[in-house]
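The structure under discussion appears below in the form of structure tokens.
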Amino acid sequence: MTWNPRPYLALARATARSAVVFRLQFALSLFSVLFQLVAMLAVWHALLSHKPLTGFTWPKMEVYLLVTFTAGAVVSNFSDFRISYKIRNGQVALDLVKPLDYQRARLAETVGGLGGELLSVLLVWAVGLAFGVRLDLPALRYLALFAVSLVLLVLLKFTLTYLTGLLCFWTKNYLGIYWARLAIVSLLSGALVPLSLLPHWLGETAQWLPFAGMTSTPGLLLIGNATGGQAYRLVAVQLVWAVLLWSAARLAWRGAMRQVTIQGG
Amino acid sequence: MSPLRITRIYLRMLGTHLRGSLEYEWDFWLMVFAAVLTQLVSVVFLRVVFTLIPDLDGWTFWPIVIMFGLISFGEGIGSLFFEGMWRLAYRINQGELDYMLVRPYPLALQVTSAEIGLNGLGNITSGGAMIVLGLCRAPIHWSPGLVLVAPLLFVSAMTIKVSISVTTNAASFWIQGPNPLFAMAVHQGGELTRYPLTLFPIALRSVFCLVVPFAFVGFFPAEFVTGGHALWIGLATPAVAAYCVLVARFAFRRGVLRYESTGS
């Protein structure tokens, strides 16, 4: 079967438009990430102005935290809740009758939301750079790796969100799942503390988990803390997990289809 | 109606929602688990920070744990006993207040008791644990005076937290729309006050002291009790609490006057 991208593009456009229409809600979905950024800047500033840590000076940390914000802002709540909401209120029935691949269709919608998210990200970066954040760009090949790892980050975040969203076929309580996921990701992705500063065993383990690709990897690449073979290895780990999670989501979807209850009528 | 009767009816209304929620036992455990996990992660974060450095801008580990605990506990009280306020915007939008207006019970209490957030249990447990641990471990000079004042500060802090949520949700009477966007934004901003106020730039500090007094929920009471910096401003907490209750009451009453139901 040849794959026709047009309906998926239409879905992406529709989400992009809805982000414009519901711009207040959209902006608000980024608020918690923004406040988190402010809190982390304050805490790390107080810490690093006292004592520079190995690998992390204040200028590097600022950039790392901006990457953390970026990672938090893409695939925001706006896309996140949309996936589970349709399952919970039964709108999934309408998606099921469309002759589209369900997972790809949701990815298309998420990509559609990216435009607005990236715009907010650029805005925050611009403000940061204007107020004295110093960005020393790494060598070109690491910059290229950084770009690749950002793309993989979106894919990883989407598949994890999608997988947790699918859990709503079993429980109707998405909020609980969402909070639990948020807590786990914020710790194991290096969004709260760079993984190298975690207790050794935890940091080492987290490097090999899919969460590292959701903040730590792009962060380390941009501040030049991951170089040489390590840089390639981190991105490879990201890639492997993206493929694995994508396939796992396909399996989960099959299970969900045996489970499906359409709410309402 | 006597205050006792008002309280009894309030608890009964919450009780019906509790029974409803317990129908879904797994959901209950999931919510509690998620709340505890969230708090746990933030404590791990703090722990890591303090393995790197002995004090953060003059603050040691345990006083900050008390601040975290106060904020979490306040959040727990809010979701367990007053969760209904987060639905106020939707009710106004849908004209659902009509039913409540004709019932012989204070409207604000009907609104706040119209839902129960069981994640509150997780937040109360973990917040309580943090407060108790913090009080045990932080170097506190317990005097009879402090023993008397500390519970008062605690109750005031919780009152402030809930009052801020009620006030910001009452703003939905003016801001149209089915979601309490404004209240949610303020609530998320309040998360910043888990950390010592002195870490933030002066503009933010004044916002948290004067505009939305979140600083009196965690920072000032913890500061006063642990006494490290002898900030007597902590003693103002009860006065701030009284002020916040009055503002919430005023906002809600003025808001209800604007309520115009819907056509349907």
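The way I read the labels, and the way they are meant: chains A, B, ... in the order of the structure tokens, residue 1 as the first residue of every chain, and ligand 1 as the first ligand shown, with later ones counted on from there.
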Could you list, as a ChimeraX atom specification, every residue of chain B that has an atom within 10 Å of an atom of chain A, counting only C-alpha atoms? /B:24,26-42,44-58,119,179-182,184-201
Separation of atom CA of A:Gly113 and atom CA of A:Leu9, in Å? 12.0 Å
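Counting only C-alpha atoms, B:Thr125 has the following residues at most 12 Å away, ignoring those fewer than 2 positions along the same chain: Val32, Phe33, Ala35, Val36, Leu37, Gln39, Leu40, Gly69, Leu70, Ser72, Phe73, Gly74, Glu75, Gly76, Ile77, Leu80, Leu118, Asn119, Gly120, Leu121, Gly122, Asn123, Gly127, Gly128, Ala129, Met130, Ile131 and Val132 of chain B.
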Could you save those same residues with C-alpha atoms as a PDB file, in the first residue's frame?
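The resulting part30.pdb:
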ATOM      1  CA  VAL B  32      -2.406   8.823  45.626  1.00  0.00           C
ATOM      2  CA  PHE B  33       0.626   7.088  44.124  1.00  0.00           C
ATOM      3  CA  ALA B  35       0.943  12.570  44.223  1.00  0.00           C
ATOM      4  CA  VAL B  36       3.423  10.822  46.515  1.00  0.00           C
ATOM      5  CA  LEU B  37       5.788  10.110  43.624  1.00  0.00           C
ATOM      6  CA  GLN B  39       6.689  14.865  46.104  1.00  0.00           C
ATOM      7  CA  LEU B  40       9.313  12.162  46.384  1.00  0.00           C
ATOM      8  CA  GLY B  69       5.948  20.220  53.087  1.00  0.00           C
ATOM      9  CA  LEU B  70       3.821  23.271  53.833  1.00  0.00           C
ATOM     10  CA  SER B  72       2.287  20.235  49.518  1.00  0.00           C
ATOM     11  CA  PHE B  73       0.093  19.985  52.585  1.00  0.00           C
ATOM     12  CA  GLY B  74      -1.777  23.128  51.541  1.00  0.00           C
ATOM     13  CA  GLU B  75      -2.268  21.681  48.086  1.00  0.00           C
ATOM     14  CA  GLY B  76      -3.568  18.495  49.663  1.00  0.00           C
ATOM     15  CA  ILE B  77      -6.078  20.368  51.838  1.00  0.00           C
ATOM     16  CA  LEU B  80      -9.322  17.026  49.427  1.00  0.00           C
ATOM     17  CA  LEU B 118      -8.194  12.117  46.222  1.00  0.00           C
ATOM     18  CA  ASN B 119      -4.689  13.038  45.155  1.00  0.00           C
ATOM     19  CA  GLY B 120      -5.027  15.342  48.163  1.00  0.00           C
ATOM     20  CA  LEU B 121      -4.523  12.333  50.396  1.00  0.00           C
ATOM     21  CA  GLY B 122      -1.142  11.676  48.821  1.00  0.00           C
ATOM     22  CA  ASN B 123      -0.132  15.319  49.116  1.00  0.00           C
ATOM     23  CA  GLY B 127       3.551  17.004  52.938  1.00  0.00           C
ATOM     24  CA  GLY B 128       2.847  16.032  56.539  1.00  0.00           C
ATOM     25  CA  ALA B 129       5.808  13.681  56.564  1.00  0.00           C
ATOM     26  CA  MET B 130       8.081  16.424  55.233  1.00  0.00           C
ATOM     27  CA  ILE B 131       6.873  18.922  57.845  1.00  0.00           C
ATOM     28  CA  VAL B 132       7.308  16.471  60.729  1.00  0.00           C
TER      29      VAL B 132
END
Sorted per-residue table, stretch 128-195 of chain A near stretch 229-243 of chain A, closest atoms and distance, 7 Å, only C-alpha atoms, as CSV:
residue,atom,partner,partner_atom,distance
A:Ser149,CA,A:Val235,CA,6.1
A:Leu152,CA,A:Gln238,CA,6.6
A:Leu155,CA,A:Ala242,CA,6.4
A:Leu156,CA,A:Ala242,CA,5.2
Once you have the residues from the selection above, write them out as a PDB file, in the first residue's frame, restricted to N, CA and C atoms.
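Output file again21.pdb follows:
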ATOM      1  N   SER A 149      19.289  15.094  17.628  1.00  0.00           N
ATOM      2  CA  SER A 149      18.783  14.642  18.911  1.00  0.00           C
ATOM      3  C   SER A 149      17.511  15.387  19.304  1.00  0.00           C
ATOM      4  N   LEU A 152      14.792  13.519  17.526  1.00  0.00           N
ATOM      5  CA  LEU A 152      14.531  12.272  18.232  1.00  0.00           C
ATOM      6  C   LEU A 152      13.802  12.533  19.549  1.00  0.00           C
ATOM      7  N   LEU A 155      10.201  12.755  18.877  1.00  0.00           N
ATOM      8  CA  LEU A 155       9.659  11.429  18.604  1.00  0.00           C
ATOM      9  C   LEU A 155       9.519  10.617  19.895  1.00  0.00           C
ATOM     10  N   LEU A 156      10.548  10.683  20.738  1.00  0.00           N
ATOM     11  CA  LEU A 156      10.519   9.960  22.014  1.00  0.00           C
ATOM     12  C   LEU A 156       9.400  10.470  22.906  1.00  0.00           C
TER      13      LEU A 156
END
Compile the contact shell of stretch 211-223 of chain B as an mmCIF file with C-alpha atoms, in the first residue's frame: residues with an atom at most 7 Å away, counting only C-alpha atoms, same-chain residues fewer than 3 positions apart removed.
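around_20.cif was written with the following content:
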data_model
loop_
_atom_site.group_PDB
_atom_site.id
_atom_site.type_symbol
_atom_site.label_atom_id
_atom_site.label_comp_id
_atom_site.auth_asym_id
_atom_site.auth_seq_id
_atom_site.Cartn_x
_atom_site.Cartn_y
_atom_site.Cartn_z
ATOM 1 C CA PRO B 63 14.103 24.215 56.620
ATOM 2 C CA ILE B 66 9.513 22.235 55.788
ATOM 3 C CA MET B 67 8.694 24.787 53.068
ATOM 4 C CA LEU B 70 3.821 23.271 53.833
ATOM 5 C CA ILE B 71 3.113 23.910 50.163
ATOM 6 C CA LEU B 153 1.158 29.762 61.751
ATOM 7 C CA ALA B 157 -0.599 29.212 56.079
ATOM 8 C CA MET B 158 -3.124 26.600 54.956
ATOM 9 C CA ILE B 160 -3.879 31.511 52.796
ATOM 10 C CA LYS B 161 -3.224 28.757 50.274
ATOM 11 C CA GLY B 190 2.927 29.435 43.524
ATOM 12 C CA THR B 193 7.567 29.466 46.604
ATOM 13 C CA ARG B 194 8.660 25.975 47.540
ATOM 14 C CA PRO B 196 13.494 30.155 49.671
ATOM 15 C CA LEU B 197 12.206 33.528 48.605
ATOM 16 C CA VAL B 207 4.823 39.735 43.975
ATOM 17 C CA PHE B 208 4.830 36.758 46.340
ATOM 18 C CA THR B 226 13.470 27.458 62.210
ATOM 19 C CA GLY B 227 14.557 30.892 63.358
ATOM 20 C CA GLY B 228 17.724 30.934 61.308
ATOM 21 C CA HIS B 229 17.186 34.458 60.140
ATOM 22 C CA LEU B 231 12.407 37.207 60.437
ATOM 23 C CA ILE B 233 7.463 39.061 59.547
ATOM 24 C CA GLY B 234 6.398 35.424 59.960
ATOM 25 C CA THR B 237 0.946 35.260 58.804
#
